[in-house]
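> This is the structure I have questions about; it appears just below.
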Amino acid sequence: MIDFTRDEEALACNIQTAKENNIIIPTIAQMKNPETVPEAIQQKLKTVGLWDVNPLNLFRITWKNEPKESGGLFRSVPNYIELPSELTGVPCRIIAMVGKWFPTGCHKVGASFGCLAPRLVTGQFNVKKHKAVWPSTGNYCRGGAFNSKLLGAQGVAILPAEMSQERFDWLHSIGAEVIATPGCESNVKEIFDKTNELKQDPQYMIFNQFEEMGNPLWHYNVTGNALADVFEAVKRPGDRFAGACFTSGSAGTMSTGDRLKELYPNLRLGVGEALQCPTILNNGFGGHRIEGIGDKHIPWIHNVKNTDMVIAIDDEDSQRLLRLFNTPEGQQYLRDELKLDDELIEKLTWLGISGIANVLCCIKMAKYYEFTERDVVGTVLTDSAVMYGSRIAELNDEYGAYSCNDALLDHNLHMLGLKTDSMQELTYQDRKRVHNLKYYTWVEQQGKTAEELNALWYDTEGTWDTVHAQAADLDDLINEFNERTGLLKAL
Ligand SMILES: Cc1ncc(COP(=O)(O)O)c(C=O)c1O
């Protein structure tokens, strides 16, 4: 459960800072339904760029932004792409919600808001006294640094040194303190060690996405309902919302599935990871290239008991398709051979590496369950190719310039050719095995108790359900905070 204990003195300080910096905090309800954002704020957003460091952009932490670089308002149906069967090779419909149109170009800005907001509006985090530390394998620390800045606090980003250069450049550009830890994607232990070192100094407050329940709270309420909105908007008579797949970094996005399974009880929920680091599938380990996911441990906030399937994706598949979607030769193949229209081809650049992996998970799930034209599988595109220009350049250096023949091969071998290998439908006992792996990270190393671990398995109502429902309490606190700054009234 999220702790809402108040520190009145620090809260008064946060309110004063918000007042001085014109910071109004959006509620979770507004992120779900941004049409309810006050008209005066919507008017002001018409002159604000999507990535501007402007507190009004807190109101753009939603899947329903108009897809515009600047001045966008909100739409009733979230941004999504439907991937056609000519591309995917499976008959079912695959719908993918788009993270590119969040500030920072990635949905992780929502997860970081979910972690920061409870401590800000209770005063547990004091904007004048604390630095907000964002341990991450990439985008979470970008979202956290962005939110810290908007909320008048200093942000500290911790991320592995081998993450893409675009991430480091941007973090420096917004004035975040940046700490690079050894290794790549899957070196989360090194990040935890750095975090534990910083914890000794009281000026640092750690927002660990792998354990903070604000992360699933946000995804369950905002992403889960948004993906349901997309399905309701696109469904034809007889269509079933049959499956949803998400690769796991912190497993925050996986909570989307908890919401969807309540709304669509027959839906199968799949978790994806890299074949090169098959921790869920195989208790495995290893480095890999699907940036943002797969960290050689089971995150505390992964509701494993509710996860129906694990799917491992070869990182070579996602790398190959990154070039297919983002080079002129690849795009020519998509246009000439697959007859995709220019609008869709442009939208395929909205898939980052993990977004491609998410789509591949959907295809493998569709093959495994033999989904038909009546079935719909949902996922998200966490970020877009904007974050990976340097990776494409590296691939071009390594393999030589891309050609239409490469495109044909890549599409056939790395997408159409996917099989039902390296995946597993999880029985009760399989899930228990995965859940039990949490012990070694969280109880042995990170200070949780065995009772808390058991509660996540045996007491769904008292843990996961309670956290999901805490969105209403958080909104009450946010509304009270805004009331006390007086800024909403003065609009
Ligand atoms: C690019 C990218 N994809 C996927 C993920 C995984 O999302 P989650 O942490 O919600 O599991 C992340 C997490 O940081 C990410 O940055």
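FYI, nothing fancy with the structure tokens labels: chains A, B, ... in order, residues from 1 per chain, ligands from 1 as they appear.
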To test your reading of the structure, identify every residue in stretch 275-353 of chain A that backbone DSSP assigns to strand (DSSP E or B), and report it as a PyMOL selection string.
chain A and resi 309-313
> Could you please extract the residues within 8 Å of ligand 1, counting only C-alpha atoms and all ligand atoms, and hand them back as JSON, numbers by chain?
{"A": [106, 108, 111, 136, 137, 138, 139, 140, 209, 210, 215, 219, 246, 247, 248, 249, 250, 251, 252, 253, 254, 290, 291, 292, 293, 352, 353, 354, 355, 381, 382, 383]}
> Give one line per residue of stretch 209-311 of chain A that approaches stretch 96-101 of chain A to at most 9 Å, naming the two atoms of the closest pair and their distance in Å to one decimal, counting only C-alpha atoms; sort by chain then ascending residue number and deliver it as CSV.

residue,atom,partner,partner_atom,distance
A:Thr223,CA,A:Met97,CA,9.0
A:Ala226,CA,A:Met97,CA,8.4
A:Leu227,CA,A:Met97,CA,7.0
A:Val230,CA,A:Met97,CA,8.1
> Compile a residue-level contact table for stretch 253-338 of chain A against stretch 346-351 of chain A at a cut-off of 10 Å, reporting for every qualifying residue the shortest atom pair and its distance in Å to one decimal, with only C-alpha atoms counted, rows ordered by chain and ascending number, as a tab-separated table.

residue	atom	partner	partner_atom	distance
A:Leu321	CA	A:Leu351	CA	9.8
A:Leu322	CA	A:Leu351	CA	8.0
A:Arg323	CA	A:Thr349	CA	9.9
A:Leu324	CA	A:Leu348	CA	9.4
A:Phe325	CA	A:Leu348	CA	5.9
A:Asn326	CA	A:Thr349	CA	6.0
A:Thr327	CA	A:Thr349	CA	9.6
A:Gln331	CA	A:Glu346	CA	8.6
> Write out, as a PDB file, in the first residue's frame, the residues just selected, with C-alpha atoms.

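Ended up saving to out_23.pdb:
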ATOM      1  CA  LEU A 321      13.060  -4.446 -37.551  1.00  0.00           C
ATOM      2  CA  LEU A 322      14.269  -1.102 -36.212  1.00  0.00           C
ATOM      3  CA  ARG A 323      16.184  -0.669 -39.463  1.00  0.00           C
ATOM      4  CA  LEU A 324      13.265  -1.969 -41.542  1.00  0.00           C
ATOM      5  CA  PHE A 325      10.990   0.741 -40.133  1.00  0.00           C
ATOM      6  CA  ASN A 326      13.520   3.570 -40.063  1.00  0.00           C
ATOM      7  CA  THR A 327      15.553   3.524 -43.276  1.00  0.00           C
ATOM      8  CA  GLN A 331      10.221   2.056 -46.027  1.00  0.00           C
TER       9      GLN A 331
END
> Might you pull out every residue within 10 Å of A:Val133, with only C-alpha atoms counted and same-chain residues fewer than 5 positions away left off, and present them as a PyMOL selection string?
chain A and resi 141+144-145+148+154-158+177-179+195+198-199+203-208
> So, counting only C-alpha atoms, which residue among A:Leu360, A:Leu334, A:Ile81, A:Ala450 is closest to A:Asn405?
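Checking each candidate against A:Asn405, we get A:Leu334 as the closest.
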> Identify which of the residues A:Phe231, A:Trp51, A:Trp464, A:Trp457 lies closest to A:Asp258, counting only C-alpha atoms when measuring atom-to-atom distances.
A:Trp464
> Do a neighbour search on A:Lys128 at 10 Å with only C-alpha atoms, toss out local chain neighbours closer than 6 positions, and write the hits as a list in words.
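Answer for this query is Ala10, Cys13, Asn14, Thr17, Gly152, Ala153, Gln154 and Gln203 of chain A.
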> Include N, CA and C atoms and write out the residues we just selected as a tab-separated table (two decimals), in the first residue's frame.

chain	number	residue	atom	x	y	z
A	10	ALA	N	6.65	20.19	5.84
A	10	ALA	CA	7.20	20.07	4.48
A	10	ALA	C	6.09	20.30	3.45
A	13	CYS	N	5.67	23.87	2.85
A	13	CYS	CA	6.79	24.35	2.03
A	13	CYS	C	6.54	24.01	0.55
A	14	ASN	N	6.07	22.78	0.29
A	14	ASN	CA	5.78	22.37	-1.11
A	14	ASN	C	4.68	23.24	-1.71
A	17	THR	N	6.08	26.61	-2.58
A	17	THR	CA	6.91	26.53	-3.80
A	17	THR	C	6.03	26.42	-5.03
A	152	GLY	N	9.59	21.93	-9.45
A	152	GLY	CA	10.47	22.83	-8.71
A	152	GLY	C	11.51	22.12	-7.86
A	153	ALA	N	11.81	20.84	-8.17
A	153	ALA	CA	12.78	20.08	-7.35
A	153	ALA	C	13.99	19.70	-8.20
A	154	GLN	N	15.09	19.36	-7.53
A	154	GLN	CA	16.28	18.89	-8.24
A	154	GLN	C	16.17	17.38	-8.48
A	203	GLN	N	19.78	14.02	2.11
A	203	GLN	CA	19.25	14.95	1.10
A	203	GLN	C	18.66	14.21	-0.11
> Can you pull out every residue within 12 Å of stretch 427-439 of chain A, counting only C-alpha atoms, but drop anything in the same chain fewer than 6 positions away, and send it as number ranges by chain?
A: 210-211, 271, 278-284, 296-310, 445-458
> Might you pull out every residue within 7 Å of stretch 59-69 of chain A, with only C-alpha atoms counted and same-chain residues fewer than 2 positions away left off, and present them as a PyMOL selection string?
chain A and resi 26+31-32+49-50+56-57+71-79+101-103+109-110+226
> Between A:Thr181, A:Ser318, A:Asn126, A:Asn54, which has the minimum distance to A:His414 (counting only C-alpha atoms)?
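Of A:Thr181, A:Ser318, A:Asn126, A:Asn54, the one nearest A:His414 is A:Ser318, counting only C-alpha atoms.
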> What's the separation between atom CA of A:Leu267 and atom CA of A:Asp473, in Å to one decimal place?
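Taking atom CA of A:Leu267 as the start and atom CA of A:Asp473 as the end point, the length is 28.6 Å.
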> Quick one: distance from atom CA of A:Gly294 to atom CA of A:Glu273 in Å, one decimal?
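It comes out at 5.6 Å.
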> Taking only C-alpha atoms into account, which of A:Pro237, A:Met387, A:Gly123, A:Ser164 comes nearest A:Gly105?
A:Met387
> So how many Å separate atom CA of A:Leu11 and atom CA of A:Leu151, to one decimal?
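It comes out at 13.2 Å.
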> Under the rule that only C-alpha atoms are counted, which of A:Pro91, A:Gly272, A:Pro84, A:Gly286 is the nearest residue to A:Ala357?
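Closest to A:Ala357, using only C-alpha atoms: A:Gly272.
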> Quick one: residues within 10 Å of stretch 328-330 of chain A, only C-alpha atoms, excluding same-chain residues fewer than 5 positions away - as a PyMOL selection string?
chain A and resi 321-323+335+345+401-408+410-411
> Using the chain letters and numbers from this document, which residues of stretch 259-347 of chain A does DSSP assign to alpha helix (DSSP H), as a ChimeraX atom specification?
/A:259-263,279-282,315-326,328-336,342-347
